[in-house]
>>> print(open('protein.cif').read())   # mmCIF, C-alpha atoms, pLDDT in the B column; chains and numbers go by the auth columns
data_model
#
loop_
_atom_site.group_PDB
_atom_site.id
_atom_site.type_symbol
_atom_site.label_atom_id
_atom_site.label_comp_id
_atom_site.label_asym_id
_atom_site.label_seq_id
_atom_site.Cartn_x
_atom_site.Cartn_y
_atom_site.Cartn_z
_atom_site.B_iso_or_equiv
_atom_site.auth_seq_id
_atom_site.auth_asym_id
ATOM 1 C CA MET A 1 0.000 0.000 0.000 97.00 1 A
ATOM 2 C CA ILE A 2 1.123 3.535 -0.771 98.00 2 A
ATOM 3 C CA ARG A 3 0.335 6.337 1.669 98.00 3 A
ATOM 4 C CA LEU A 4 0.279 10.035 0.826 98.00 4 A
ATOM 5 C CA ASN A 5 0.284 12.736 3.475 98.00 5 A
ATOM 6 C CA TRP A 6 -0.690 16.270 2.586 98.00 6 A
ATOM 7 C CA GLN A 7 1.930 18.820 3.695 98.00 7 A
ATOM 8 C CA LYS A 8 0.960 22.330 2.600 96.00 8 A
ATOM 9 C CA GLY A 9 -0.130 24.059 -0.605 97.00 9 A
ATOM 10 C CA LEU A 10 -0.768 21.134 -2.945 98.00 10 A
ATOM 11 C CA GLN A 11 2.258 19.182 -1.763 98.00 11 A
ATOM 12 C CA PHE A 12 2.102 15.582 -0.580 98.00 12 A
ATOM 13 C CA ILE A 13 4.748 13.170 0.629 98.00 13 A
ATOM 14 C CA ALA A 14 4.260 9.623 -0.640 98.00 14 A
ATOM 15 C CA GLU A 15 5.670 6.615 1.188 98.00 15 A
ATOM 16 C CA ASP A 16 5.824 3.009 0.058 98.00 16 A
ATOM 17 C CA ASP A 17 5.856 -0.221 2.102 97.00 17 A
ATOM 18 C CA TYR A 18 9.663 -0.177 2.206 97.00 18 A
ATOM 19 C CA GLY A 19 10.108 3.282 3.712 98.00 19 A
ATOM 20 C CA HIS A 20 11.020 5.149 0.523 98.00 20 A
ATOM 21 C CA LYS A 21 9.591 8.650 0.327 98.00 21 A
ATOM 22 C CA ILE A 22 9.075 11.109 -2.495 98.00 22 A
ATOM 23 C CA VAL A 23 7.656 14.595 -2.677 98.00 23 A
ATOM 24 C CA VAL A 24 4.710 15.081 -5.028 98.00 24 A
ATOM 25 C CA ASP A 25 4.083 18.698 -5.883 98.00 25 A
ATOM 26 C CA THR A 26 3.102 21.073 -8.633 98.00 26 A
ATOM 27 C CA SER A 27 3.987 24.511 -9.979 97.00 27 A
ATOM 28 C CA ARG A 28 3.591 27.658 -7.892 96.00 28 A
ATOM 29 C CA ASP A 29 1.061 29.137 -10.316 95.00 29 A
ATOM 30 C CA MET A 30 -1.105 26.065 -9.713 94.00 30 A
ATOM 31 C CA GLY A 31 -0.837 26.472 -5.932 95.00 31 A
ATOM 32 C CA GLY A 32 2.093 24.135 -5.331 96.00 32 A
ATOM 33 C CA LEU A 33 5.561 24.741 -3.948 97.00 33 A
ATOM 34 C CA ASP A 34 7.437 23.222 -6.906 97.00 34 A
ATOM 35 C CA GLN A 35 9.497 20.951 -4.665 98.00 35 A
ATOM 36 C CA GLY A 36 8.812 17.612 -6.290 98.00 36 A
ATOM 37 C CA PHE A 37 7.587 15.634 -9.269 98.00 37 A
ATOM 38 C CA ARG A 38 4.158 16.394 -10.667 98.00 38 A
ATOM 39 C CA PRO A 39 1.621 13.552 -10.839 98.00 39 A
ATOM 40 C CA MET A 40 1.438 13.457 -14.643 98.00 40 A
ATOM 41 C CA ASP A 41 5.240 13.327 -14.816 98.00 41 A
ATOM 42 C CA LEU A 42 5.256 10.448 -12.317 98.00 42 A
ATOM 43 C CA LEU A 43 3.031 8.493 -14.694 98.00 43 A
ATOM 44 C CA LEU A 44 5.746 8.845 -17.332 98.00 44 A
ATOM 45 C CA VAL A 45 8.462 7.831 -14.840 98.00 45 A
ATOM 46 C CA ALA A 46 6.439 4.724 -13.983 98.00 46 A
ATOM 47 C CA LEU A 47 6.133 3.685 -17.622 98.00 47 A
ATOM 48 C CA ALA A 48 9.732 4.448 -18.603 98.00 48 A
ATOM 49 C CA GLY A 49 11.136 2.893 -15.412 98.00 49 A
ATOM 50 C CA CYS A 50 9.159 -0.310 -15.885 98.00 50 A
ATOM 51 C CA MET A 51 10.219 -0.768 -19.511 98.00 51 A
ATOM 52 C CA GLY A 52 13.788 0.302 -18.747 98.00 52 A
ATOM 53 C CA MET A 53 14.137 -2.325 -16.028 98.00 53 A
ATOM 54 C CA ASP A 54 12.767 -5.037 -18.313 98.00 54 A
ATOM 55 C CA ILE A 55 15.148 -4.105 -21.107 98.00 55 A
ATOM 56 C CA VAL A 56 18.219 -3.963 -18.831 98.00 56 A
ATOM 57 C CA ALA A 57 17.306 -7.306 -17.224 98.00 57 A
ATOM 58 C CA ILE A 58 16.579 -9.142 -20.480 98.00 58 A
ATOM 59 C CA LEU A 59 19.448 -7.673 -22.504 98.00 59 A
ATOM 60 C CA THR A 60 21.892 -8.550 -19.722 98.00 60 A
ATOM 61 C CA LYS A 61 20.544 -12.114 -19.554 97.00 61 A
ATOM 62 C CA LYS A 62 21.165 -12.372 -23.295 97.00 62 A
ATOM 63 C CA GLY A 63 24.830 -11.571 -22.638 97.00 63 A
ATOM 64 C CA GLY A 64 24.754 -7.877 -23.487 98.00 64 A
ATOM 65 C CA LYS A 65 26.956 -5.420 -21.614 98.00 65 A
ATOM 66 C CA ILE A 66 25.395 -2.004 -21.027 98.00 66 A
ATOM 67 C CA ASP A 67 27.627 1.038 -20.505 98.00 67 A
ATOM 68 C CA LYS A 68 24.993 3.741 -20.638 98.00 68 A
ATOM 69 C CA PHE A 69 21.235 3.542 -20.935 98.00 69 A
ATOM 70 C CA THR A 70 19.007 6.603 -21.043 98.00 70 A
ATOM 71 C CA ILE A 71 15.310 6.998 -21.644 98.00 71 A
ATOM 72 C CA GLU A 72 13.462 10.141 -22.670 98.00 72 A
ATOM 73 C CA ILE A 73 9.713 10.172 -22.303 98.00 73 A
ATOM 74 C CA GLU A 74 7.221 12.857 -23.155 98.00 74 A
ATOM 75 C CA GLY A 75 3.446 13.034 -23.162 98.00 75 A
ATOM 76 C CA LYS A 76 1.168 15.171 -25.300 98.00 76 A
ATOM 77 C CA LYS A 77 -1.772 16.417 -23.258 97.00 77 A
ATOM 78 C CA ALA A 78 -5.249 17.183 -24.555 97.00 78 A
ATOM 79 C CA GLU A 79 -5.989 20.908 -24.589 96.00 79 A
ATOM 80 C CA GLU A 80 -9.343 20.602 -22.847 95.00 80 A
ATOM 81 C CA HIS A 81 -9.895 19.366 -19.266 94.00 81 A
ATOM 82 C CA PRO A 82 -8.871 16.968 -17.843 96.00 82 A
ATOM 83 C CA HIS A 83 -5.748 17.385 -20.016 97.00 83 A
ATOM 84 C CA LYS A 84 -5.165 13.654 -20.256 97.00 84 A
ATOM 85 C CA TYR A 85 -2.263 12.230 -22.238 97.00 85 A
ATOM 86 C CA GLU A 86 -3.359 11.462 -25.756 96.00 86 A
ATOM 87 C CA ASN A 87 0.072 10.390 -26.962 96.00 87 A
ATOM 88 C CA ILE A 88 3.171 9.288 -25.117 98.00 88 A
ATOM 89 C CA THR A 89 6.541 9.003 -26.844 98.00 89 A
ATOM 90 C CA ILE A 90 9.340 7.036 -25.269 98.00 90 A
ATOM 91 C CA LYS A 91 12.865 6.979 -26.670 98.00 91 A
ATOM 92 C CA PHE A 92 15.503 4.497 -25.555 98.00 92 A
ATOM 93 C CA ASN A 93 19.216 5.038 -26.039 98.00 93 A
ATOM 94 C CA CYS A 94 21.471 2.145 -25.104 98.00 94 A
ATOM 95 C CA GLU A 95 25.250 2.188 -25.417 98.00 95 A
ATOM 96 C CA GLY A 96 27.478 -0.811 -24.793 98.00 96 A
ATOM 97 C CA ASP A 97 28.548 -4.141 -26.175 98.00 97 A
ATOM 98 C CA TYR A 98 25.440 -6.005 -27.322 98.00 98 A
ATOM 99 C CA GLN A 99 23.668 -7.278 -30.416 97.00 99 A
ATOM 100 C CA ARG A 100 21.117 -4.865 -31.893 97.00 100 A
ATOM 101 C CA LYS A 101 18.632 -7.736 -32.382 98.00 101 A
ATOM 102 C CA ASP A 102 18.898 -8.576 -28.675 98.00 102 A
ATOM 103 C CA LEU A 103 18.065 -4.992 -27.707 98.00 103 A
ATOM 104 C CA LEU A 104 15.065 -5.015 -30.025 98.00 104 A
ATOM 105 C CA ARG A 105 13.876 -8.360 -28.687 98.00 105 A
ATOM 106 C CA SER A 106 14.269 -7.138 -25.079 98.00 106 A
ATOM 107 C CA PHE A 107 12.193 -4.083 -25.932 98.00 107 A
ATOM 108 C CA GLU A 108 9.494 -6.167 -27.648 98.00 108 A
ATOM 109 C CA LEU A 109 9.281 -8.585 -24.716 98.00 109 A
ATOM 110 C CA SER A 110 8.819 -5.654 -22.357 98.00 110 A
ATOM 111 C CA ARG A 111 6.192 -3.971 -24.524 97.00 111 A
ATOM 112 C CA ASP A 112 4.222 -7.109 -25.332 96.00 112 A
ATOM 113 C CA LYS A 113 4.741 -9.449 -22.389 97.00 113 A
ATOM 114 C CA TYR A 114 6.374 -8.150 -19.232 97.00 114 A
ATOM 115 C CA CYS A 115 5.844 -4.452 -18.581 98.00 115 A
ATOM 116 C CA SER A 116 3.124 -4.171 -15.919 98.00 116 A
ATOM 117 C CA VAL A 117 2.727 -0.400 -16.245 97.00 117 A
ATOM 118 C CA SER A 118 2.358 -0.521 -20.004 96.00 118 A
ATOM 119 C CA ALA A 119 -0.202 -3.357 -19.691 96.00 119 A
ATOM 120 C CA THR A 120 -2.147 -1.410 -17.060 96.00 120 A
ATOM 121 C CA LEU A 121 -2.260 1.638 -19.349 95.00 121 A
ATOM 122 C CA LYS A 122 -3.516 -0.532 -22.214 92.00 122 A
ATOM 123 C CA THR A 123 -6.413 -2.087 -20.366 89.00 123 A
ATOM 124 C CA CYS A 124 -7.884 0.504 -17.993 88.00 124 A
ATOM 125 C CA PRO A 125 -7.995 -0.902 -14.449 93.00 125 A
ATOM 126 C CA LYS A 126 -11.185 -0.617 -12.423 95.00 126 A
ATOM 127 C CA ILE A 127 -10.787 2.097 -9.777 96.00 127 A
ATOM 128 C CA ASN A 128 -12.666 1.919 -6.468 97.00 128 A
ATOM 129 C CA TYR A 129 -13.004 4.927 -4.213 97.00 129 A
ATOM 130 C CA ILE A 130 -13.571 5.169 -0.462 98.00 130 A
ATOM 131 C CA ILE A 131 -14.279 8.628 0.886 95.00 131 A
ATOM 132 C CA MET B 1 10.303 15.799 -20.963 97.00 1 B
ATOM 133 C CA ILE B 2 11.363 13.272 -18.345 98.00 2 B
ATOM 134 C CA ARG B 3 14.820 11.697 -18.526 98.00 3 B
ATOM 135 C CA LEU B 4 15.853 8.455 -16.884 98.00 4 B
ATOM 136 C CA ASN B 5 19.489 7.439 -16.476 98.00 5 B
ATOM 137 C CA TRP B 6 20.362 3.869 -15.665 98.00 6 B
ATOM 138 C CA GLN B 7 22.682 3.611 -12.629 98.00 7 B
ATOM 139 C CA LYS B 8 23.395 -0.031 -11.762 96.00 8 B
ATOM 140 C CA GLY B 9 21.370 -3.190 -11.184 97.00 9 B
ATOM 141 C CA LEU B 10 17.882 -2.192 -12.292 98.00 10 B
ATOM 142 C CA GLN B 11 18.103 1.265 -10.747 98.00 11 B
ATOM 143 C CA PHE B 12 17.380 4.468 -12.660 98.00 12 B
ATOM 144 C CA ILE B 13 17.381 8.109 -11.644 98.00 13 B
ATOM 145 C CA ALA B 14 14.545 10.111 -13.163 98.00 14 B
ATOM 146 C CA GLU B 15 14.748 13.866 -13.639 98.00 15 B
ATOM 147 C CA ASP B 16 12.033 16.288 -14.657 98.00 16 B
ATOM 148 C CA ASP B 17 12.259 19.628 -16.476 97.00 17 B
ATOM 149 C CA TYR B 18 12.531 21.490 -13.168 97.00 18 B
ATOM 150 C CA GLY B 19 15.544 19.631 -11.764 98.00 19 B
ATOM 151 C CA HIS B 20 13.686 17.319 -9.363 98.00 20 B
ATOM 152 C CA LYS B 21 15.138 13.837 -9.157 98.00 21 B
ATOM 153 C CA ILE B 22 13.828 10.540 -7.851 98.00 22 B
ATOM 154 C CA VAL B 23 15.304 7.066 -7.624 98.00 23 B
ATOM 155 C CA VAL B 24 13.366 4.320 -9.390 98.00 24 B
ATOM 156 C CA ASP B 25 14.346 0.856 -8.241 98.00 25 B
ATOM 157 C CA THR B 26 13.026 -2.585 -7.421 98.00 26 B
ATOM 158 C CA SER B 27 13.559 -5.376 -4.889 97.00 27 B
ATOM 159 C CA ARG B 28 16.877 -7.164 -4.510 96.00 28 B
ATOM 160 C CA ASP B 29 15.386 -10.508 -5.496 95.00 29 B
ATOM 161 C CA MET B 30 14.325 -8.922 -8.793 94.00 30 B
ATOM 162 C CA GLY B 31 17.831 -7.576 -9.406 95.00 31 B
ATOM 163 C CA GLY B 32 17.369 -4.113 -7.944 96.00 32 B
ATOM 164 C CA LEU B 33 19.004 -2.330 -5.027 97.00 33 B
ATOM 165 C CA ASP B 34 15.757 -1.452 -3.209 97.00 34 B
ATOM 166 C CA GLN B 35 16.714 2.216 -2.929 98.00 35 B
ATOM 167 C CA GLY B 36 13.656 3.820 -4.439 98.00 36 B
ATOM 168 C CA PHE B 37 10.047 3.562 -5.527 98.00 37 B
ATOM 169 C CA ARG B 38 9.032 0.746 -7.860 98.00 38 B
ATOM 170 C CA PRO B 39 7.406 1.663 -11.171 98.00 39 B
ATOM 171 C CA MET B 40 4.031 0.099 -10.376 98.00 40 B
ATOM 172 C CA ASP B 41 3.970 1.964 -7.047 98.00 41 B
ATOM 173 C CA LEU B 42 4.763 5.226 -8.868 98.00 42 B
ATOM 174 C CA LEU B 43 1.660 4.711 -10.983 98.00 43 B
ATOM 175 C CA LEU B 44 -0.365 4.674 -7.754 98.00 44 B
ATOM 176 C CA VAL B 45 1.438 7.778 -6.456 98.00 45 B
ATOM 177 C CA ALA B 46 0.605 9.563 -9.715 98.00 46 B
ATOM 178 C CA LEU B 47 -3.098 8.747 -9.428 98.00 47 B
ATOM 179 C CA ALA B 48 -3.421 9.495 -5.714 98.00 48 B
ATOM 180 C CA GLY B 49 -1.327 12.664 -5.967 98.00 49 B
ATOM 181 C CA CYS B 50 -3.366 14.008 -8.862 98.00 50 B
ATOM 182 C CA MET B 51 -6.719 13.413 -7.162 98.00 51 B
ATOM 183 C CA GLY B 52 -5.391 14.608 -3.810 98.00 52 B
ATOM 184 C CA MET B 53 -4.270 17.922 -5.285 98.00 53 B
ATOM 185 C CA ASP B 54 -7.638 18.435 -6.974 98.00 54 B
ATOM 186 C CA ILE B 55 -9.529 17.735 -3.762 98.00 55 B
ATOM 187 C CA VAL B 56 -7.344 20.031 -1.633 98.00 56 B
ATOM 188 C CA ALA B 57 -7.581 22.830 -4.204 98.00 57 B
ATOM 189 C CA ILE B 58 -11.360 22.578 -4.715 98.00 58 B
ATOM 190 C CA LEU B 59 -12.292 22.011 -1.075 98.00 59 B
ATOM 191 C CA THR B 60 -10.176 24.990 -0.024 98.00 60 B
ATOM 192 C CA LYS B 61 -11.804 27.169 -2.700 97.00 61 B
ATOM 193 C CA LYS B 62 -15.181 26.159 -1.259 97.00 62 B
ATOM 194 C CA GLY B 63 -14.063 27.566 2.101 97.00 63 B
ATOM 195 C CA GLY B 64 -13.003 24.305 3.759 98.00 64 B
ATOM 196 C CA LYS B 65 -10.084 24.230 6.186 98.00 65 B
ATOM 197 C CA ILE B 66 -8.011 21.079 6.034 98.00 66 B
ATOM 198 C CA ASP B 67 -5.979 20.002 9.082 98.00 67 B
ATOM 199 C CA LYS B 68 -4.911 16.575 7.899 98.00 68 B
ATOM 200 C CA PHE B 69 -5.422 14.787 4.607 98.00 69 B
ATOM 201 C CA THR B 70 -4.137 11.304 3.935 98.00 70 B
ATOM 202 C CA ILE B 71 -4.637 8.961 1.016 98.00 71 B
ATOM 203 C CA GLU B 72 -4.087 5.208 0.953 98.00 72 B
ATOM 204 C CA ILE B 73 -3.907 3.537 -2.427 98.00 73 B
ATOM 205 C CA GLU B 74 -3.467 -0.089 -3.280 98.00 74 B
ATOM 206 C CA GLY B 75 -3.533 -2.057 -6.515 98.00 75 B
ATOM 207 C CA LYS B 76 -4.479 -5.695 -7.073 98.00 76 B
ATOM 208 C CA LYS B 77 -2.216 -7.238 -9.688 97.00 77 B
ATOM 209 C CA ALA B 78 -3.120 -10.040 -12.074 97.00 78 B
ATOM 210 C CA GLU B 79 -1.382 -13.311 -11.199 96.00 79 B
ATOM 211 C CA GLU B 80 -0.148 -13.948 -14.728 95.00 80 B
ATOM 212 C CA HIS B 81 2.364 -11.840 -16.660 94.00 81 B
ATOM 213 C CA PRO B 82 2.498 -8.887 -17.116 96.00 82 B
ATOM 214 C CA HIS B 83 0.909 -8.594 -13.632 97.00 83 B
ATOM 215 C CA LYS B 84 -1.061 -5.519 -14.568 97.00 84 B
ATOM 216 C CA TYR B 85 -3.354 -3.802 -12.080 97.00 85 B
ATOM 217 C CA GLU B 86 -6.864 -5.165 -12.426 96.00 86 B
ATOM 218 C CA ASN B 87 -8.272 -3.172 -9.533 96.00 87 B
ATOM 219 C CA ILE B 88 -7.058 -0.065 -7.765 98.00 88 B
ATOM 220 C CA THR B 89 -8.579 1.065 -4.464 98.00 89 B
ATOM 221 C CA ILE B 90 -8.023 4.592 -3.233 98.00 90 B
ATOM 222 C CA LYS B 91 -9.136 5.764 0.205 98.00 91 B
ATOM 223 C CA PHE B 92 -9.234 9.418 1.205 98.00 92 B
ATOM 224 C CA ASN B 93 -9.260 10.597 4.806 98.00 93 B
ATOM 225 C CA CYS B 94 -9.737 14.308 5.353 98.00 94 B
ATOM 226 C CA GLU B 95 -9.830 15.971 8.771 98.00 95 B
ATOM 227 C CA GLY B 96 -10.617 19.625 9.337 98.00 96 B
ATOM 228 C CA ASP B 97 -13.383 22.163 9.292 98.00 97 B
ATOM 229 C CA TYR B 98 -15.429 21.649 6.131 98.00 98 B
ATOM 230 C CA GLN B 99 -18.831 20.510 4.884 97.00 99 B
ATOM 231 C CA ARG B 100 -19.062 16.812 4.013 97.00 100 B
ATOM 232 C CA LYS B 101 -20.980 17.647 0.813 98.00 101 B
ATOM 233 C CA ASP B 102 -18.145 19.941 -0.285 98.00 102 B
ATOM 234 C CA LEU B 103 -15.604 17.147 0.181 98.00 103 B
ATOM 235 C CA LEU B 104 -17.774 14.761 -1.843 98.00 104 B
ATOM 236 C CA ARG B 105 -18.265 17.344 -4.592 98.00 105 B
ATOM 237 C CA SER B 106 -14.496 18.041 -4.716 98.00 106 B
ATOM 238 C CA PHE B 107 -13.859 14.320 -5.071 98.00 107 B
ATOM 239 C CA GLU B 108 -16.479 13.938 -7.812 98.00 108 B
ATOM 240 C CA LEU B 109 -15.094 16.911 -9.762 98.00 109 B
ATOM 241 C CA SER B 110 -11.632 15.381 -9.611 98.00 110 B
ATOM 242 C CA ARG B 111 -12.820 11.919 -10.646 97.00 111 B
ATOM 243 C CA ASP B 112 -15.123 13.065 -13.430 96.00 112 B
ATOM 244 C CA LYS B 113 -13.667 16.346 -14.693 96.00 113 B
ATOM 245 C CA TYR B 114 -10.199 17.405 -13.574 97.00 114 B
ATOM 246 C CA CYS B 115 -7.863 14.534 -12.725 98.00 115 B
ATOM 247 C CA SER B 116 -5.523 14.080 -15.700 98.00 116 B
ATOM 248 C CA VAL B 117 -4.000 10.834 -14.424 97.00 117 B
ATOM 249 C CA SER B 118 -7.358 9.223 -13.805 96.00 118 B
ATOM 250 C CA ALA B 119 -8.564 10.311 -17.265 96.00 119 B
ATOM 251 C CA THR B 120 -5.408 8.933 -18.886 96.00 120 B
ATOM 252 C CA LEU B 121 -5.926 5.576 -17.139 95.00 121 B
ATOM 253 C CA LYS B 122 -9.538 5.480 -18.358 92.00 122 B
ATOM 254 C CA THR B 123 -8.793 6.066 -22.011 89.00 123 B
ATOM 255 C CA CYS B 124 -5.538 4.298 -22.884 88.00 124 B
ATOM 256 C CA PRO B 125 -3.119 6.766 -24.500 94.00 125 B
ATOM 257 C CA LYS B 126 -1.332 5.826 -27.704 95.00 126 B
ATOM 258 C CA ILE B 127 2.290 4.992 -26.954 96.00 127 B
ATOM 259 C CA ASN B 128 5.015 5.562 -29.554 97.00 128 B
ATOM 260 C CA TYR B 129 8.435 3.972 -29.226 97.00 129 B
ATOM 261 C CA ILE B 130 11.807 5.029 -30.610 98.00 130 B
ATOM 262 C CA ILE B 131 14.609 2.549 -30.178 95.00 131 B
#
>>> encode(input="protein.cif", output="structure tokens")
Amino acid sequence: MIRLNWQKGLQFIAEDDYGHKIVVDTSRDMGGLDQGFRPMDLLLVALAGCMGMDIVAILTKKGGKIDKFTIEIEGKKAEEHPHKYENITIKFNCEGDYQRKDLLRSFELSRDKYCSVSATLKTCPKINYII
Amino acid sequence: MIRLNWQKGLQFIAEDDYGHKIVVDTSRDMGGLDQGFRPMDLLLVALAGCMGMDIVAILTKKGGKIDKFTIEIEGKKAEEHPHKYENITIKFNCEGDYQRKDLLRSFELSRDKYCSVSATLKTCPKINYII
């Protein structure tokens, strides 16, 4: 379970079951204190992090050696409320000693079989509310 | 744009456009270093943070005074790969001086009109990959 505690302005501190904490915040013009990641950006981190981990794990198992691996991810928001992401673009850049086909296969396995975040985004989980 | 840089194991550091950084990691038995939030947990933080900010902002505009506001969020994962969330349960607990109907209305406005993360989860954004 994840717990969020409101601090001030629109800032929350989130804590996971293992004691890790992050600040969730927004811009000052929106009423935040600009001291942490914004929720919509965290959605992108979740997706990129999940696929990145899959690719590193699978490519390494295939014998690849990674020197540097960066991911850039960007979402295009709808102009009208609720400004949801209509398109997300994710760009992987992997440097090291590996076969190109192994990188592509690692990526495909993540996209099609293993990435939990990507699969959740594709299938719309049911959300229950208690208030 | 959000950038992720692979560190070691399955750990990445994510950075947003404003210089905020967070560690994204996973458990040691999965190959991580357990030093940061897991991607699937970040998805929950994104959703809870987004709705929490809406509720605080709207309830305050309606004249409510919030002393304490906590959110608990939990996802039920599918047993088979890719272990996507099938159900997400989010529980809000707001203490302070406000009208109950105003809290409920703030929640409904977030759920139905303003929360970008919730709307993105409901409608499955198109994802483009560059590798």
>>> resolve_selection(input="protein.cif", expression="the PyMOL selection byres ((chain A and resi 67) around 9)", output="PyMOL selection string")
chain A and resi 65-66+68-69+94-97
>>> interface_residues(input="protein.cif", of="chain A", to="chain B", cutoff="6 Å", atoms="all atoms listed in the file", output="PyMOL selection string")
chain A and resi 1-6+10+20+36+39+42-43+46+49-50+53+69-74+82-92+113-116+119-122+124-131
>>> atom_distance(input="protein.cif", atom1="CA of Lys101 in chain B", atom2="CA of Asp29 in chain A")
27.2 Å
>>> atom_distance(input="protein.cif", atom1="CA of Gln99 in chain A", atom2="CA of Arg28 in chain B")
26.8 Å
>>> residues_around(input="protein.cif", residues="Asp102 in chain B", least_positions_apart="6", cutoff="10 Å", atoms="only C-alpha atoms", output="PyMOL selection string")
chain B and resi 55+58-64+108
